[in-house]
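These notes concern the structure reproduced below.
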Amino acid sequence: MRTARKILKNTVVLSIGKGVGDLGAFLFLMLFGRTYGAEFLGKYAFAMSLGGMVIMFSTLGFNTLIVKEVSRNLKMGRKYVGNLLLARLILAIALWLLFGIAVILSPAPHDTKIILIIISGYHVFYQLTSLVNAGFSAWEEMQYPSLLEFFHRIIILLLGGAAILLARGPFTALAAYPLSAFLMFLLACLLFTKHHGKLNLRPDFTFIATATKSSLHFFLLLLLAQFDGRIGVILLTWLRGETETGIFAASDRLMVSIAVAITFFGMALFPVMSRCSLESREKMLKLCRTSVRLLAVILLPLSLILTIFGDQIIFITFGKNFIDSVPILKILVWGLFITGLNLIVTTVLIVEDKQRKLAYSRVFQSLAYVALGIFFIDKASGQGLALAKVIISAIYFPICLAMTFTWQEARSLIIVLVAPLLSLAVSIGVLWLFCGSLGPVYSTIITIGAFCGAMIIFKGIGWNDIRYLQDIIFR
């Protein structure tokens, strides 16, 4: 009970700060898209993807290594964070300078060059902060990553929004990104110093070399994950242009803001899963089953709601010029639950030191995604890319499941999914048969009611589960 309560509490704390902060950043993108149109939003999305991939080479998997090792030995926190932060600082600045030179010498349009340099600078300071946040996560001090995310994204909204309203142009508006990330990094260092002592930036080269060697598997996994997350936008820009990328980015950015809770669920789950793996495999499996059920009960109804309200959401946020983004949103929402399932299974692989197997599976996933992405983009542009993302995620889950668990263990997880999936089928049937002539509000009430009723009938959730959640939240 204490373990489940701790995970839920940490997830909620992280999600509140990041969620409210992401709402602020999303409001900025709404204003940016409405003011400068799909083409400039596409340039922003392209720069965020390409710049993020380049600066990612400075991370070297240090974040995951810190959470894994420091959560097991808290006294090593300062040594890990201080030494690895210095290594990342040097690498990130060097990469930024080299990338800037390459961009200047490239044949890209002038405005695209400026946006690429600005956004890659943002990634430098964001990745530096993420390493300090890894230390906070290892100590399970989730309030600080939450605060930092909230702080820097609200700064983006305030400074960037002011630049747009004062008609200072898109470049000045986007300059809010690196400035906010720099201020967030300074605040992170101050918080770390206050609660854990001064950062020791005197390099221990032997320690850095050993840590780097230990983290390379994590780095490969992170690189592949980032490749999957960003290569689609790069391919779409290359094959269909920046305007089509802007249409796709409207839905994609919305989904990124919603999916933040899944990301932070993983951050809260990882240190607990790491300790459970040391205690007993059965305890870890029980934690997996609880996590799967929790995600199913939350994310499947959420996907239904977003599908019903998709038209209204896009119209309200980005306006009628982005109405072609609605089908993209209605495809992407069904990847939320699959993303959550993959997160749970890959977390188990990492804590059990099966990074090599995970890396091989990621390579397969990346190659398949590129091939499928090119094929579907050619057929259906942004909708095709969205479809490729969901299909590849769905294929990847059973592959990871087979690598992680025995048949009996995997079966116990699959059984947990039966009732939610049957309930989803019932609710979709009710939506299709009875709610076609109703408005979105009544359709949502009836559909979610059908889902909850089916969950009770199929024994996917009962009064014991409700009392269990009450105990976790309120005790």
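The way I read the labels, and the way they are meant: chains A, B, ... in the order of the structure tokens, residue 1 as the first residue of every chain, and ligand 1 as the first ligand shown, with later ones counted on from there.
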
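By chain and then residue number, the residues within 12 Å of Phe171 (chain A) are A:Phe32, A:Tyr36, A:Phe40, A:Leu41, A:Lys43, A:Tyr44, A:His110, A:Asp111, A:Thr112, A:Lys113, A:Ile114, A:Ile115, A:Leu116, A:Ile117, A:Ile118, A:Ile119, A:Gly160, A:Ala163, A:Ile164, A:Ala167, A:Ala175, A:Ala176, A:Tyr177, A:Pro178, counting only C-alpha atoms and disregarding those fewer than 4 positions away in sequence.
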
Residues as selected, N, CA and C atoms, written as a compact mmCIF listing (two decimals), in the first residue's frame, can you do that?
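As a result, out08.txt now contains:
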```txt
# COMPACT_ATOMS: atom_id res chain seq x y z
N PHE A 32 1.14 31.29 -31.08
CA PHE A 32 2.15 31.32 -32.14
C PHE A 32 1.58 30.80 -33.45
N TYR A 36 1.27 33.22 -36.68
CA TYR A 36 2.24 33.06 -37.77
C TYR A 36 1.90 31.93 -38.73
N PHE A 40 5.16 28.48 -40.07
CA PHE A 40 6.11 28.78 -39.00
C PHE A 40 5.98 27.78 -37.85
N LEU A 41 4.78 27.28 -37.61
CA LEU A 41 4.64 26.23 -36.60
C LEU A 41 5.38 24.98 -37.06
N LYS A 43 8.09 25.03 -38.99
CA LYS A 43 9.52 25.33 -38.79
C LYS A 43 9.93 25.11 -37.34
N TYR A 44 9.06 25.53 -36.43
CA TYR A 44 9.32 25.31 -35.00
C TYR A 44 9.41 23.82 -34.69
N HIS A 110 16.85 31.30 -44.53
CA HIS A 110 17.42 32.10 -43.45
C HIS A 110 16.61 31.99 -42.17
N ASP A 111 15.28 32.07 -42.27
CA ASP A 111 14.46 32.01 -41.06
C ASP A 111 14.53 30.64 -40.40
N THR A 112 14.64 29.58 -41.20
CA THR A 112 14.80 28.25 -40.64
C THR A 112 16.11 28.12 -39.89
N LYS A 113 17.19 28.72 -40.42
CA LYS A 113 18.49 28.69 -39.74
C LYS A 113 18.41 29.35 -38.37
N ILE A 114 17.76 30.50 -38.31
CA ILE A 114 17.67 31.24 -37.05
C ILE A 114 16.90 30.42 -36.01
N ILE A 115 15.78 29.84 -36.43
CA ILE A 115 14.95 29.06 -35.51
C ILE A 115 15.71 27.81 -35.04
N LEU A 116 16.47 27.17 -35.92
CA LEU A 116 17.25 26.00 -35.54
C LEU A 116 18.27 26.34 -34.46
N ILE A 117 18.96 27.45 -34.61
CA ILE A 117 19.97 27.85 -33.62
C ILE A 117 19.32 28.20 -32.29
N ILE A 118 18.20 28.90 -32.33
CA ILE A 118 17.51 29.29 -31.10
C ILE A 118 17.03 28.05 -30.34
N ILE A 119 16.34 27.15 -31.03
CA ILE A 119 15.74 26.00 -30.36
C ILE A 119 16.80 25.00 -29.90
N GLY A 160 7.32 34.85 -24.36
CA GLY A 160 6.98 34.61 -25.75
C GLY A 160 5.64 35.22 -26.14
N ALA A 163 6.03 38.92 -26.58
CA ALA A 163 6.67 39.24 -27.86
C ALA A 163 5.69 39.15 -29.02
N ILE A 164 4.79 38.17 -28.98
CA ILE A 164 3.79 38.04 -30.06
C ILE A 164 2.79 39.19 -30.00
N ALA A 167 4.07 42.29 -31.32
CA ALA A 167 4.44 42.19 -32.74
C ALA A 167 5.95 42.28 -32.95
N ALA A 175 12.75 33.10 -28.84
CA ALA A 175 13.91 33.30 -27.96
C ALA A 175 13.54 33.09 -26.50
N ALA A 176 12.24 33.10 -26.19
CA ALA A 176 11.82 32.82 -24.82
C ALA A 176 12.19 31.40 -24.41
N TYR A 177 12.34 30.49 -25.36
CA TYR A 177 12.67 29.10 -25.03
C TYR A 177 14.06 28.96 -24.40
N PRO A 178 15.15 29.38 -25.06
CA PRO A 178 16.46 29.23 -24.41
C PRO A 178 16.60 30.08 -23.15
```

Excluding same-chain residues fewer than 3 positions from region 63-79 of chain A, what lies within 7 Å of it counting only C-alpha atoms, as a PyMOL selection string?
chain A and resi 82-83+131+134-135+137-139+199+215+218+271+274

Quick check, in Å to one decimal: how far apart do CA of Pro420 (chain A) and CA of Leu306 (chain A) lie?
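Computing it gives 17.5 Å between the two atoms.
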
Leaving out Ala386 (chain A) and any residue of its chain fewer than 6 positions from it, which residues lie within 8 Å of it when counting only C-alpha atoms, given as a list in words?
Ile328, Ile331 and Leu332 of chain A

Generate the output file for the selected residues, C-alpha atoms, as a short mmCIF file (atom, residue, chain, number, x, y, z; two decimals), in the first residue's frame.
```cif
data_model
loop_
_atom_site.label_atom_id
_atom_site.label_comp_id
_atom_site.auth_asym_id
_atom_site.auth_seq_id
_atom_site.Cartn_x
_atom_site.Cartn_y
_atom_site.Cartn_z
CA ILE A 328 -4.53 13.27 -36.98
CA ILE A 331 -5.52 8.69 -34.59
CA LEU A 332 -2.83 9.76 -32.14
#
```

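Of the residues listed (A:Ala296, A:Lys330, A:Leu341, A:Thr406), A:Ala296 shows the shortest atom-to-atom separation from Cys452 (chain A); distances use only C-alpha atoms.
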
Residues within 10 Å of Phe318 (chain A), please, as a list in words. Count only C-alpha atoms; anything in the same chain fewer than 6 positions from it doesn't count.
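Here the qualifying residues turn out to be Leu27, Leu29, Met30, Leu31, Phe32, Gly33, Arg34, Thr35, Gly37, Ala38, Ile247, Ala250, Ser251 and Ser325 of chain A.
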
Best match for closeness to Leu187 (chain A) among A:Ile399, A:Ala92, A:Ile374, A:Leu148, counting only C-alpha atoms
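Distance minimum relative to Leu187 (chain A) lands on A:Leu148.
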
Gap from CA of Met184 (chain A) to CA of Val132 (chain A) - Å, one decimal:
10.7 Å

My list of candidates is A:Ile344, A:Leu60, A:Leu372, A:Ile392. Which is closest to Ala87 (chain A) when distances are computed with only C-alpha atoms?
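That would be A:Leu60, the residue with the smallest distance to Ala87 (chain A).
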
Taking only C-alpha atoms into account, name the residue in A:Arg230, A:Arg253, A:Arg356, A:Arg275 that is nearest to Tyr369 (chain A).
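Comparing A:Arg230, A:Arg253, A:Arg356, A:Arg275 against Tyr369 (chain A), the winner is A:Arg230.
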
For Phe207 (chain A), work out the shell of residues within 10 Å, counting only C-alpha atoms and skipping chain neighbours fewer than 3 positions away, then give it as a list of chain:residue names.
A:Lys79, A:Tyr80, A:Asn83, A:Leu84, A:Pro203, A:Asp204, A:Thr210, A:Ala211, A:Thr212, A:Lys213

Computed interatomic separation between CA of Arg293 (chain A) and CA of Val416 (chain A) (Å)
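So the two atoms, CA of Arg293 (chain A) and CA of Val416 (chain A), lie 6.3 Å apart.
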
Mind checking which residues fall within 9 Å of Gly241 (chain A), counting only C-alpha atoms, ignoring those fewer than 4 positions away in the same chain, and posting them as number ranges by chain?
A: 39, 42, 236-237, 245-246
